[in-house]
Amino acid sequence: MLRVDSSKPCKIVYSLCKHAYLGYLIEPHIVQLNPQGDFSLTYQRIFSHTAQEFTKHLSEQDLKLIRMLDETEQDTIIKKYHKKAIRAVEFFSKFFDDKFYENVRPKIEKKLSEVLEIIKAGGSLYLMDNDGWPAERKIEIAEEASTVLFHFRRNELETRYFPTIKYQGQRIDFMFKDAQVVSNQPAWLLLNDILYFFEQDIEGKKLLPFLNKRYITIPKATEETYFEKFVSPLIEKYHVYAEGFDIKTVKHEPTPVIKVIYVDGGISQLQLYFNYGEYAFAMGNDKKVTVRLAKEEDNYVFTRIKRDIVYELEKFNTLVRMGLKKTSALFHNLEVANNQEEGLSYAVINWVNEHIETLRSCGFEIEQQNGVKKFLLAANKIDFEIKEDNDWFDINAIVYFGEHPIPFMSLKQHILHKRREFTLPDGAIAIIPEKWFTQYSSLFSLADGSKSLRLKKHHLGLINELAEDSITNVTLSRKLERLNNFENIEDVQMPVHFKGDLRSYQKAGYNWFSFLREYNFGGCLADDMGLGKTIQTLAMLQKLKEEDEEKATHSTSLIIMPTSLIYNWLNEAKKFTPKLKIHSHTGTTRDKDISIFAAYDIVITTYGITRVDAELLRDFYFNYIILDESQNIKNPSSKSFKSVRSLKSKNKLILSGTPVENSVSDLWTQLTFLNPGMLGTQSFFNEEYVQAIEKRKDEEKARKLQAIIKPFVLRRTKEQVAAELPSKTEQIFYCTMSEDQAERYEKTKSAYRNDLLSSMDDGTYAKKQVQLLQGLTALRQLANHPVMIDDTYASDSGKFENVVHTLDNVLKGGHKVLIFSQFVKHLNIFKSYFEKESIAFAYLDGSTKNRGEIVADFQQNTDLKVFLISIKAGGVGLNLTQADYVFILDPWWNPAVEQQAIDRTHRIGQEKKVFIYKFIAKDTVEEKILALQNRKKRLASSLITTEESFFKSLSKDDIREILN
């Protein structure tokens with residue numbers, strides 16, 4: 001064979017040829033043209049990898065077709081299915097069989113069909129001759145699809161069956177004309193050099209028997225099976241003409257039906273099907289026409305039912321949009337999509353009941369399969385009628401399961417034990433919705449009475465939640481609505497003898513106290529640390545005293561707190577409510593005769609003493625019992641909780657910046673102290689809320705708990721009230737020394753004092769300056785922690801305990817803290833404590849080298865909350881605006897130095913409000929220094945900058961005062 005010369009005229013030819021094994025194929029060839037422009041006998045098969053040479057003779061479309069036809073070429077097919085290299089002859093003799101052909105041929109035909117569509121649009125096709133020359137004759141491709149009509153003629157003996165083909169309205173004679181089925185699906189038929197294609201996706205094998213046969217005969221004996229297996233599907237898909245039996249076409253409007261398929265202990269499903277008149281079709285088959293065959297005596301009737309596939313799909317999609325999904329890729333049965341329920345077998349029933357109105361309005365009919373339990377498929381609702389008594393809510397509730405009214409109390413055991421099936425009087429089974437267990441179990445658990453539902457007034461949160469629930473109808477008095485809607489609480493006149501002003505959020509807290517008192521509710525003031533819980537409470541207690549005086553009565557209130565807060569309360573009271581008579585029931589020498597309480601407005605004591613004196617305190621009826629830092633009673637088995645719970649009072653109040661320290665369970669003791677029974681028994685609360693919220697992350701339960709406690713907990717964060725706060729707030733925390741610490745302190749003080757005072761008398765005082773400085777420094781260190789002077793000291797320090805406690809509260813609020821001390825030794829005590837407790841901290845003293853990096857880390861790292869700084873190192877050049885709390889662990893002689901420390905946070909760039917806490921050891925030189933600082937402020941703000949110069953400015957009287 002001569003090679004084609006690409007530099008001379010040539011042309012591409014698409015040639016239809018028959019492969020001995022693979023059937024009809026199309027092959028691209030390049031054919032040389034002779035001088036007259038006709039095809040010569042020189043040609044060659046062309047592939048993508050050989051086409052480059054002929055690109056000037058090929059269009060983009062030709063290159064695309066060549067690529068497509070590469071895939072149907074025998075070597076490509078062999079290589080795809082036989083991984084080892086093999087000659088074609090060997091492959092076809094050894095490995096080729098019918099199974100291989102049936103697998104590969106449909107893929108070839110799909111490709112050929114794509115190629116023919118392209119050639120039909122613009123190209124030419126030729127027939128290959130027996131010797132392989134590609135351009136024997138040109139083949140025309142039909143301009144439009146042909147139609148096929150299948151004929152059946154039935155008589156007493158047999159049925160004859162044959163097809164006729166029409167093209168452009170003319171019947172084509174194709175039998176005995178050497179016609180060839182070139183492709184089976186879709187069918188392409190070659191007849192008289194014309195290639196025909198067909199509408200309706202006809203299969204070539206339906207035409208194949210008739211190429212050399214006039215008709216097929218079906219004997220009477222086998223006609224019934226033949227009609228069912230062959231003729232019915234044919235009528236569904238193609239045009240059929242019949243004589244001797246009937247073909248009817250009917251059209252009905254479809255009705256969608258949902259059928260509940262209940263699976264006990266498994267996943268129940270919904271089946272969607274459509275009724276077309278008397279005919280029913282399951283969703284999921286997309287035949288446009290379905291044929292049903294009926295035999296009436298000796299006659300056959302084929303009924304063609306036209307289906308609305310678009311309508312069916314739209315109804316299916318409606319259900320998917322409403323929250324269902326297909327059970328699997330293959331089946332069109334449905335189940336609930338985001339199903340969190342444990343009772344999977346009830347999920348679809350619940351779903352139907354919830355959506356039943358919508359389903360009916362969309363035209364769906366609903367039914368369930370026979371033979372299993374009969375479930376009620378209907379909407380559910382509950383009517384609540386709530387009557388208010390003095391201390392009670394009486395709840396009368398009716399549940400409507402469809403038309404059945406059932407007293408809500410009948411469901412009590414079902415809801416408490418999570419039983420889903422409730423048998424109705426007519427024997428049908430109502431399924432209790434899963435969410436009712438969350439919504440109403442608290443109602444039953446917390447209610448009194450077995451016949452009716454009674455709730456105490458402090459279950460207002462539950463009642464309000466019922467009112468917000470969509471399926472319930474509830475009405476409440478205006479008064480109680482106010483408690484839920486905090487803004488509407490009425491304004492109460494401030495007490496006459498309160499010194500100072502309350503910020504507006506503090507005034508709101510004060511009003512809230514009066515409101516709670518009006519209803520005999522206990523409340524928890526949970527404002528952030530530093531927002532003035534003490535002041536709000538003192539204002540309320542002063543108001544109480546003034547109201548008592550007007551009525552010529554008197555009452556005493558009890559405040560219980562950690563030991564470290566005793567002096568703060570006394571100091572704040574002295575400052576804001578000097579008229580309140582306060583008795584401090586503390587110390588080992590306290591008076592055990594509690595009748596003296598009646599002479600005072602307020603008794604202050606500690607949790608420790610309450611535990612010891614519970615028996616005594618139990619006999620006194622207080623007006624208020626107030627717990628400060630109420631998280632101290634969070635452990636229900638603790639003696640603290642049991643003892644405060646045993647005390648008697650008309651009103652109760654708790655104060656805590658962190659009512660929930662570690663676990664939701666912390667709330668139970670505190671709110672049970674305030675309003676007994678409000679959260680049910682401890683085991684109920686643990687199971688119902690603690691486990692659900694902490695283990696199962698149940699948001700619905702968390703929301704529920706929030707609703708119950710909301711009316712009785714008032715919390716404002718620092719951020720919420722930032723607009724009302726000054727840019728910085730300073731507060732002094734007075735710390736009582738521990739007994740061992742106080743003993744060491746007194747011993748050291750006496751030694752120095754005797755020595756110094758005698759030197760003042762004998763004139764040697766001037767020489768004793770250094771010794772004085774040493775002595776005072778030693779006392780200051782002892783006031784902090786005796787370990788600073790004596791490594792072997794193994795006991796505690798009042799200030800250390802106080803700082804750790806306060807810090808704990810601040811960190812729980814997510815704040816950042818700077819802790820300053822003048823003594824590196826003091827910082828080291830905290831350093832080792834933080835390391836032991838795994839609290840991340842930054843550290844800086846005079847010896848720190850990489851100051852910049854440490855500061856940057858503290859400013860940027862959100863997990864780093866604490867920064868320990870020595871005053872000498874931290875006085876200058878630090879910008880720590882991320883911190884919003886400053887702890888000053890020891891007072892400095894020179895207030896200017898202290899101010900520099902505060903300025904680390906309080907500078908440009910600080911967007912938060914800053915709280916400064918100074919910790920002062922009570923009855924020590926620190927208190928005296930504070931007084932001196934105030935006296936010397938004017939002096940300090942002039943030129944004095946060093947400790948020494950400040951020292952020199954002290955007179956003998958100053959020193960006497962300090963050491964007294």
# chains A, B, ... in the order shown; residues from 1 in each chain; ligands from 1
$ residues_around --residues "Ser727 in chain A" --least-positions-apart "2" --cutoff "8 Å" --atoms "only C-alpha atoms" --output "PyMOL selection string"
chain A and resi 725+729+912-914
$ residues_around --residues "range 268-280 of chain A" --least-positions-apart "5" --cutoff "10 Å" --atoms "only C-alpha atoms" --output "tab-separated table (two decimals) with N, CA and C atoms, in the first residue's frame"
chain	number	residue	atom	x	y	z
A	250	VAL	N	-56.14	5.68	29.18
A	250	VAL	CA	-56.91	6.47	30.16
A	250	VAL	C	-56.00	7.53	30.78
A	251	LYS	N	-56.63	8.65	31.19
A	251	LYS	CA	-55.86	9.70	31.85
A	251	LYS	C	-56.59	10.09	33.13
A	252	HIS	N	-55.91	10.01	34.28
A	252	HIS	CA	-56.51	10.39	35.56
A	252	HIS	C	-55.63	11.44	36.22
A	253	GLU	N	-56.25	12.30	37.04
A	253	GLU	CA	-55.45	13.20	37.90
A	253	GLU	C	-54.87	12.35	39.03
A	254	PRO	N	-53.58	12.46	39.29
A	254	PRO	CA	-53.01	11.62	40.35
A	254	PRO	C	-53.32	12.15	41.75
A	255	THR	N	-53.43	11.24	42.72
A	255	THR	CA	-53.54	11.62	44.15
A	255	THR	C	-52.33	11.03	44.87
A	256	PRO	N	-51.55	11.89	45.54
A	256	PRO	CA	-50.39	11.35	46.28
A	256	PRO	C	-50.85	10.71	47.60
A	257	VAL	N	-50.28	9.56	47.92
A	257	VAL	CA	-50.63	8.86	49.17
A	257	VAL	C	-49.34	8.55	49.93
A	258	ILE	N	-49.36	8.86	51.23
A	258	ILE	CA	-48.23	8.47	52.08
A	258	ILE	C	-48.69	7.30	52.93
A	259	LYS	N	-47.90	6.24	52.92
A	259	LYS	CA	-48.25	5.07	53.73
A	259	LYS	C	-47.18	4.91	54.81
A	260	VAL	N	-47.63	4.81	56.07
A	260	VAL	CA	-46.69	4.64	57.18
A	260	VAL	C	-46.36	3.16	57.31
A	261	ILE	N	-45.07	2.85	57.17
A	261	ILE	CA	-44.61	1.46	57.33
A	261	ILE	C	-43.92	1.39	58.69
A	262	TYR	N	-44.61	0.86	59.71
A	262	TYR	CA	-44.07	0.82	61.07
A	262	TYR	C	-43.15	-0.38	61.24
A	263	VAL	N	-41.93	-0.10	61.72
A	263	VAL	CA	-40.97	-1.19	61.98
A	263	VAL	C	-40.68	-1.19	63.48
A	290	THR	N	-47.90	3.39	31.87
A	290	THR	CA	-47.86	2.04	32.43
A	290	THR	C	-49.04	1.27	31.83
A	292	ARG	N	-51.61	-2.02	31.94
A	292	ARG	CA	-52.15	-3.12	32.72
A	292	ARG	C	-52.97	-4.01	31.78
A	305	ILE	N	-52.08	3.63	31.07
A	305	ILE	CA	-52.34	4.73	32.02
A	305	ILE	C	-51.21	5.73	31.87
A	306	LYS	N	-51.56	6.94	31.50
A	306	LYS	CA	-50.53	7.97	31.33
A	306	LYS	C	-50.22	8.56	32.70
A	307	ARG	N	-48.92	8.63	33.04
A	307	ARG	CA	-48.52	9.17	34.35
A	307	ARG	C	-47.90	10.54	34.21
A	308	ASP	N	-48.06	11.33	35.28
A	308	ASP	CA	-47.48	12.68	35.29
A	308	ASP	C	-46.19	12.63	36.12
A	312	GLU	N	-45.28	13.84	40.01
A	312	GLU	CA	-44.85	12.87	41.02
A	312	GLU	C	-43.53	13.31	41.67
A	315	LYS	N	-44.02	16.23	44.08
A	315	LYS	CA	-44.58	15.83	45.37
A	315	LYS	C	-43.49	15.16	46.23
A	316	PHE	N	-42.66	14.37	45.59
A	316	PHE	CA	-41.56	13.72	46.31
A	316	PHE	C	-40.64	14.80	46.90
A	319	LEU	N	-41.87	16.55	50.03
A	319	LEU	CA	-41.63	15.80	51.28
A	319	LEU	C	-40.17	15.95	51.73
A	324	LEU	N	-37.73	15.06	55.08
A	324	LEU	CA	-37.55	13.62	54.88
A	324	LEU	C	-36.37	13.38	53.94
A	325	LYS	N	-35.90	12.14	53.91
A	325	LYS	CA	-34.83	11.77	52.96
A	325	LYS	C	-35.08	10.34	52.47
A	326	LYS	N	-34.48	10.02	51.31
A	326	LYS	CA	-34.61	8.66	50.79
A	326	LYS	C	-33.90	7.69	51.72
A	327	THR	N	-34.48	6.48	51.86
A	327	THR	CA	-33.84	5.52	52.77
A	327	THR	C	-32.54	5.00	52.17
A	331	PHE	N	-33.92	2.91	46.70
A	331	PHE	CA	-35.35	2.90	47.00
A	331	PHE	C	-35.87	4.30	47.27
A	332	HIS	N	-37.15	4.50	46.90
A	332	HIS	CA	-37.74	5.81	47.10
A	332	HIS	C	-38.54	5.91	48.40
A	333	ASN	N	-38.45	4.91	49.28
A	333	ASN	CA	-39.09	5.06	50.59
A	333	ASN	C	-38.39	6.18	51.35
A	334	LEU	N	-39.10	6.77	52.32
A	334	LEU	CA	-38.57	7.95	53.00
A	334	LEU	C	-38.46	7.72	54.50
A	335	GLU	N	-37.49	8.44	55.10
A	335	GLU	CA	-37.41	8.45	56.57
A	335	GLU	C	-37.08	9.87	57.00
A	336	VAL	N	-37.14	10.13	58.33
A	336	VAL	CA	-36.88	11.48	58.83
A	336	VAL	C	-35.40	11.80	58.69
A	343	GLY	N	-36.12	6.78	69.68
A	343	GLY	CA	-37.19	5.91	69.17
A	343	GLY	C	-37.33	6.06	67.68
A	344	LEU	N	-36.42	5.44	66.92
A	344	LEU	CA	-36.45	5.60	65.47
A	344	LEU	C	-37.75	5.06	64.88
A	345	SER	N	-38.33	4.07	65.57
A	345	SER	CA	-39.54	3.47	65.01
A	345	SER	C	-40.70	4.47	65.05
A	346	TYR	N	-40.61	5.52	65.93
A	346	TYR	CA	-41.72	6.47	66.02
A	346	TYR	C	-41.45	7.76	65.25
A	347	ALA	N	-40.25	7.93	64.76
A	347	ALA	CA	-39.88	9.23	64.19
A	347	ALA	C	-40.81	9.64	63.05
A	348	VAL	N	-41.12	8.70	62.13
A	348	VAL	CA	-41.96	9.12	60.99
A	348	VAL	C	-43.40	9.39	61.44
A	349	ILE	N	-43.88	8.66	62.46
A	349	ILE	CA	-45.25	8.90	62.94
A	349	ILE	C	-45.32	10.30	63.55
A	352	VAL	N	-45.29	12.82	60.75
A	352	VAL	CA	-46.60	12.96	60.09
A	352	VAL	C	-47.53	13.80	60.97
A	364	PHE	N	-52.00	15.44	50.05
A	364	PHE	CA	-51.58	14.07	50.37
A	364	PHE	C	-52.68	13.33	51.15
A	365	GLU	N	-52.87	12.07	50.81
A	365	GLU	CA	-53.69	11.21	51.65
A	365	GLU	C	-52.73	10.39	52.53
A	366	ILE	N	-53.19	10.02	53.72
A	366	ILE	CA	-52.29	9.33	54.66
A	366	ILE	C	-52.93	8.01	55.08
A	367	GLU	N	-52.16	6.95	55.05
A	367	GLU	CA	-52.70	5.65	55.50
A	367	GLU	C	-51.59	4.86	56.17
A	368	GLN	N	-51.96	3.78	56.86
A	368	GLN	CA	-50.93	2.91	57.45
A	368	GLN	C	-51.20	1.47	57.07
$ residues_around --residues "range 737-751 of chain A" --least-positions-apart "6" --cutoff "12 Å" --atoms "only C-alpha atoms" --output "PyMOL selection string"
chain A and resi 563-564+567+587-588+757-758+771-772+774-790+793-802+919-926+960+962-964
$ write_last_selection --atoms "N, CA and C atoms" --output "short mmCIF file (atom, residue, chain, number, x, y, z; two decimals), in the first residue's frame"
data_model
loop_
_atom_site.label_atom_id
_atom_site.label_comp_id
_atom_site.auth_asym_id
_atom_site.auth_seq_id
_atom_site.Cartn_x
_atom_site.Cartn_y
_atom_site.Cartn_z
N THR A 563 -14.15 34.41 105.41
CA THR A 563 -13.47 35.23 106.42
C THR A 563 -12.80 36.45 105.79
N SER A 564 -12.21 36.26 104.61
CA SER A 564 -11.41 37.32 103.99
C SER A 564 -12.26 38.56 103.65
N TYR A 567 -13.80 42.39 106.71
CA TYR A 567 -13.42 43.80 106.85
C TYR A 567 -13.93 44.64 105.71
N GLY A 587 -14.51 35.18 115.41
CA GLY A 587 -13.43 35.05 116.38
C GLY A 587 -13.73 34.00 117.45
N THR A 588 -12.66 33.56 118.11
CA THR A 588 -12.81 32.47 119.08
C THR A 588 -13.51 32.96 120.34
N LEU A 757 12.31 52.86 119.92
CA LEU A 757 11.76 53.90 120.79
C LEU A 757 12.78 54.33 121.83
N SER A 758 13.56 53.35 122.34
CA SER A 758 14.58 53.75 123.33
C SER A 758 15.65 54.61 122.65
N GLN A 771 18.68 50.52 110.29
CA GLN A 771 18.01 49.46 111.07
C GLN A 771 16.49 49.64 110.99
N LEU A 772 16.05 50.88 111.01
CA LEU A 772 14.62 51.16 110.91
C LEU A 772 14.07 50.64 109.58
N GLN A 774 15.32 48.33 107.72
CA GLN A 774 15.32 46.85 107.74
C GLN A 774 14.11 46.31 108.51
N GLY A 775 13.85 46.92 109.67
CA GLY A 775 12.75 46.46 110.52
C GLY A 775 11.41 46.59 109.83
N LEU A 776 11.20 47.77 109.24
CA LEU A 776 9.92 47.98 108.57
C LEU A 776 9.76 47.04 107.38
N THR A 777 10.86 46.81 106.67
CA THR A 777 10.79 45.89 105.52
C THR A 777 10.43 44.48 106.00
N ALA A 778 11.02 44.07 107.11
CA ALA A 778 10.71 42.73 107.64
C ALA A 778 9.22 42.62 107.98
N LEU A 779 8.68 43.68 108.62
CA LEU A 779 7.26 43.65 109.00
C LEU A 779 6.37 43.60 107.75
N ARG A 780 6.78 44.33 106.73
CA ARG A 780 5.98 44.32 105.49
C ARG A 780 5.98 42.93 104.86
N GLN A 781 7.13 42.26 104.95
CA GLN A 781 7.20 40.92 104.36
C GLN A 781 6.35 39.93 105.15
N LEU A 782 6.39 40.07 106.48
CA LEU A 782 5.57 39.18 107.32
C LEU A 782 4.07 39.39 107.03
N ALA A 783 3.70 40.66 106.76
CA ALA A 783 2.30 40.95 106.45
C ALA A 783 1.86 40.25 105.16
N ASN A 784 2.83 40.06 104.26
CA ASN A 784 2.53 39.34 103.02
C ASN A 784 2.49 37.83 103.28
N HIS A 785 3.65 37.30 103.69
CA HIS A 785 3.73 35.85 103.93
C HIS A 785 5.04 35.58 104.69
N PRO A 786 4.96 34.97 105.88
CA PRO A 786 6.18 34.74 106.68
C PRO A 786 7.26 33.92 105.95
N VAL A 787 6.88 33.14 104.92
CA VAL A 787 7.89 32.37 104.16
C VAL A 787 8.96 33.29 103.58
N MET A 788 8.60 34.56 103.34
CA MET A 788 9.56 35.49 102.74
C MET A 788 10.75 35.74 103.66
N ILE A 789 10.56 35.53 104.97
CA ILE A 789 11.65 35.76 105.92
C ILE A 789 12.21 34.44 106.42
N ASP A 790 11.33 33.44 106.49
CA ASP A 790 11.74 32.17 107.08
C ASP A 790 11.31 31.01 106.17
N TYR A 793 8.98 28.21 107.44
CA TYR A 793 7.59 28.47 107.86
C TYR A 793 6.65 27.59 107.02
N ALA A 794 5.78 26.82 107.70
CA ALA A 794 4.96 25.85 106.96
C ALA A 794 3.47 26.16 107.03
N SER A 795 3.12 27.26 107.73
CA SER A 795 1.69 27.55 107.90
C SER A 795 1.19 28.49 106.79
N ASP A 796 0.01 29.07 107.03
CA ASP A 796 -0.61 29.86 105.95
C ASP A 796 -0.46 31.36 106.14
N SER A 797 -1.00 32.09 105.13
CA SER A 797 -0.97 33.55 105.17
C SER A 797 -2.35 34.05 104.76
N GLY A 798 -2.92 34.95 105.56
CA GLY A 798 -4.26 35.47 105.26
C GLY A 798 -4.29 36.17 103.92
N LYS A 799 -3.25 36.95 103.62
CA LYS A 799 -3.25 37.70 102.36
C LYS A 799 -3.16 36.75 101.17
N PHE A 800 -2.29 35.75 101.29
CA PHE A 800 -2.14 34.80 100.17
C PHE A 800 -3.49 34.15 99.84
N GLU A 801 -4.19 33.67 100.88
CA GLU A 801 -5.50 33.02 100.67
C GLU A 801 -6.47 33.97 99.98
N ASN A 802 -6.45 35.22 100.45
CA ASN A 802 -7.37 36.23 99.92
C ASN A 802 -7.10 36.53 98.45
N PHE A 919 -4.41 44.93 98.18
CA PHE A 919 -4.56 43.98 99.29
C PHE A 919 -3.75 44.47 100.49
N ILE A 920 -4.45 44.72 101.58
CA ILE A 920 -3.81 45.30 102.78
C ILE A 920 -4.02 44.35 103.95
N ALA A 921 -2.93 43.99 104.62
CA ALA A 921 -3.07 43.13 105.80
C ALA A 921 -3.54 43.99 106.96
N LYS A 922 -4.65 43.56 107.57
CA LYS A 922 -5.29 44.32 108.66
C LYS A 922 -4.38 44.31 109.90
N ASP A 923 -4.41 45.42 110.63
CA ASP A 923 -3.63 45.56 111.88
C ASP A 923 -2.14 45.36 111.66
N THR A 924 -1.60 45.89 110.53
CA THR A 924 -0.15 45.79 110.30
C THR A 924 0.36 47.14 109.82
N VAL A 925 1.67 47.22 109.63
CA VAL A 925 2.27 48.48 109.13
C VAL A 925 1.61 48.87 107.81
N GLU A 926 1.05 47.88 107.07
CA GLU A 926 0.46 48.22 105.77
C GLU A 926 -0.69 49.21 105.92
N ARG A 960 6.54 56.54 115.31
CA ARG A 960 5.81 56.03 116.49
C ARG A 960 4.47 55.44 116.06
N ILE A 962 3.59 54.32 113.14
CA ILE A 962 3.74 53.08 112.37
C ILE A 962 3.97 51.88 113.29
N LEU A 963 4.76 52.08 114.32
CA LEU A 963 5.14 50.93 115.15
C LEU A 963 4.20 50.69 116.33
N ASN A 964 3.21 51.55 116.46
CA ASN A 964 2.28 51.36 117.59
C ASN A 964 1.40 50.14 117.39
#
$ residues_around --residues "range 71-78 of chain A" --least-positions-apart "6" --cutoff "10 Å" --atoms "only C-alpha atoms" --output "list in words"
His19, Tyr21, Leu22, Leu25, Ile26, Glu27, Phe47, Lys84, Ala85, Ile86, Arg87, Ala88, Phe91, Phe92, Phe95, Phe96, Val104, Arg105, Lys107, Ile108, Glu109, Lys111 and Leu112 of chain A
$ closest_residue --among "A:Phe162, A:Trp133, A:Phe100, A:Phe210" --to "Met175 in chain A" --atoms "only C-alpha atoms"
A:Phe210
$ atom_distance --atom1 "CA of Lys457 in chain A" --atom2 "CA of Ser410 in chain A"
23.5 Å
$ closest_residue --among "A:Pro163, A:Pro186, A:Pro9, A:Pro407" --to "Glu117 in chain A" --atoms "only C-alpha atoms"
A:Pro186
$ closest_residue --among "A:Pro726, A:Gly244, A:Gly204, A:Gly677" --to "Ile916 in chain A" --atoms "only C-alpha atoms"
A:Pro726
$ select_by_dssp --residues "range 636-742 of chain A" --states "alpha helix (DSSP H)" --output "ChimeraX atom specification"
/A:639-645,666-674,682-685,699-709,739-742
$ write_last_selection --atoms "N, CA and C atoms" --output "short mmCIF file (atom, residue, chain, number, x, y, z; two decimals), in the first residue's frame"
data_model
loop_
_atom_site.label_atom_id
_atom_site.label_comp_id
_atom_site.auth_asym_id
_atom_site.auth_seq_id
_atom_site.Cartn_x
_atom_site.Cartn_y
_atom_site.Cartn_z
N LYS A 639 -21.09 20.40 104.88
CA LYS A 639 -21.67 20.88 106.13
C LYS A 639 -22.15 22.32 105.96
N SER A 640 -21.43 23.09 105.13
CA SER A 640 -21.82 24.49 104.90
C SER A 640 -23.23 24.57 104.36
N PHE A 641 -23.52 23.75 103.34
CA PHE A 641 -24.86 23.78 102.72
C PHE A 641 -25.92 23.38 103.75
N LYS A 642 -25.63 22.26 104.46
CA LYS A 642 -26.63 21.76 105.41
C LYS A 642 -26.90 22.78 106.51
N SER A 643 -25.82 23.43 106.98
CA SER A 643 -26.04 24.37 108.09
C SER A 643 -26.78 25.63 107.63
N VAL A 644 -26.42 26.22 106.47
CA VAL A 644 -27.15 27.45 106.07
C VAL A 644 -28.60 27.11 105.73
N ARG A 645 -28.82 25.87 105.23
CA ARG A 645 -30.17 25.49 104.85
C ARG A 645 -31.08 25.35 106.08
N ASP A 666 -23.58 23.04 90.45
CA ASP A 666 -23.36 24.08 91.46
C ASP A 666 -24.64 24.89 91.72
N LEU A 667 -25.49 24.99 90.69
CA LEU A 667 -26.69 25.81 90.83
C LEU A 667 -27.69 25.21 91.81
N TRP A 668 -27.70 23.88 91.87
CA TRP A 668 -28.77 23.23 92.62
C TRP A 668 -28.80 23.68 94.07
N THR A 669 -27.63 23.63 94.75
CA THR A 669 -27.61 23.98 96.18
C THR A 669 -27.98 25.44 96.37
N GLN A 670 -27.44 26.31 95.53
CA GLN A 670 -27.65 27.75 95.75
C GLN A 670 -29.12 28.13 95.54
N LEU A 671 -29.73 27.58 94.47
CA LEU A 671 -31.13 27.94 94.21
C LEU A 671 -32.09 27.19 95.12
N THR A 672 -31.66 26.02 95.60
CA THR A 672 -32.50 25.28 96.55
C THR A 672 -32.49 26.00 97.90
N PHE A 673 -31.36 26.60 98.25
CA PHE A 673 -31.31 27.43 99.47
C PHE A 673 -32.28 28.61 99.33
N LEU A 674 -32.27 29.25 98.14
CA LEU A 674 -33.10 30.44 97.92
C LEU A 674 -34.58 30.11 97.90
N GLN A 682 -32.27 16.61 94.23
CA GLN A 682 -30.92 16.64 93.66
C GLN A 682 -30.75 15.59 92.56
N SER A 683 -31.32 14.38 92.79
CA SER A 683 -31.13 13.32 91.79
C SER A 683 -31.90 13.64 90.52
N PHE A 684 -33.10 14.24 90.67
CA PHE A 684 -33.85 14.65 89.47
C PHE A 684 -33.05 15.69 88.69
N PHE A 685 -32.53 16.70 89.41
CA PHE A 685 -31.80 17.78 88.74
C PHE A 685 -30.56 17.24 88.03
N GLU A 699 -28.85 21.20 74.01
CA GLU A 699 -29.09 22.64 74.05
C GLU A 699 -30.50 22.98 74.49
N GLU A 700 -31.43 22.11 74.13
CA GLU A 700 -32.83 22.32 74.51
C GLU A 700 -32.97 22.32 76.03
N LYS A 701 -32.24 21.36 76.69
CA LYS A 701 -32.29 21.29 78.17
C LYS A 701 -31.63 22.52 78.79
N ALA A 702 -30.55 22.96 78.19
CA ALA A 702 -29.85 24.14 78.72
C ALA A 702 -30.79 25.35 78.64
N ARG A 703 -31.51 25.46 77.53
CA ARG A 703 -32.45 26.56 77.34
C ARG A 703 -33.57 26.48 78.38
N LYS A 704 -34.01 25.24 78.63
CA LYS A 704 -35.09 24.99 79.59
C LYS A 704 -34.65 25.45 81.00
N LEU A 705 -33.45 25.04 81.38
CA LEU A 705 -32.95 25.40 82.71
C LEU A 705 -32.83 26.92 82.83
N GLN A 706 -32.31 27.52 81.76
CA GLN A 706 -32.17 28.98 81.72
C GLN A 706 -33.53 29.64 81.97
N ALA A 707 -34.58 29.08 81.36
CA ALA A 707 -35.92 29.66 81.51
C ALA A 707 -36.41 29.55 82.95
N ILE A 708 -36.11 28.41 83.60
CA ILE A 708 -36.59 28.20 84.98
C ILE A 708 -35.91 29.19 85.94
N ILE A 709 -34.60 29.40 85.75
CA ILE A 709 -33.87 30.22 86.75
C ILE A 709 -33.86 31.71 86.40
N GLU A 739 -3.54 32.98 112.21
CA GLU A 739 -3.08 33.03 113.62
C GLU A 739 -1.56 32.91 113.72
N ASP A 740 -0.98 31.93 113.00
CA ASP A 740 0.48 31.74 113.06
C ASP A 740 1.21 32.98 112.53
N GLN A 741 0.64 33.54 111.48
CA GLN A 741 1.26 34.72 110.86
C GLN A 741 1.22 35.90 111.84
N ALA A 742 0.08 36.08 112.50
CA ALA A 742 -0.08 37.22 113.42
C ALA A 742 0.91 37.10 114.59
#
$ residues_around --residues "Asn299 in chain A" --least-positions-apart "6" --cutoff "12 Å" --atoms "only C-alpha atoms" --output "MDAnalysis selection string"
chainID A and resid 154:156 223:224 227 243:247 293
$ closest_residue --among "A:Gly427, A:Tyr241, A:Ala840, A:Arg137" --to "Ile194 in chain A" --atoms "only C-alpha atoms"
A:Arg137
$ residues_around --residues "Asp548 in chain A" --least-positions-apart "6" --cutoff "12 Å" --atoms "only C-alpha atoms" --output "PyMOL selection string"
chain A and resi 495+541-542+554-556+601+623
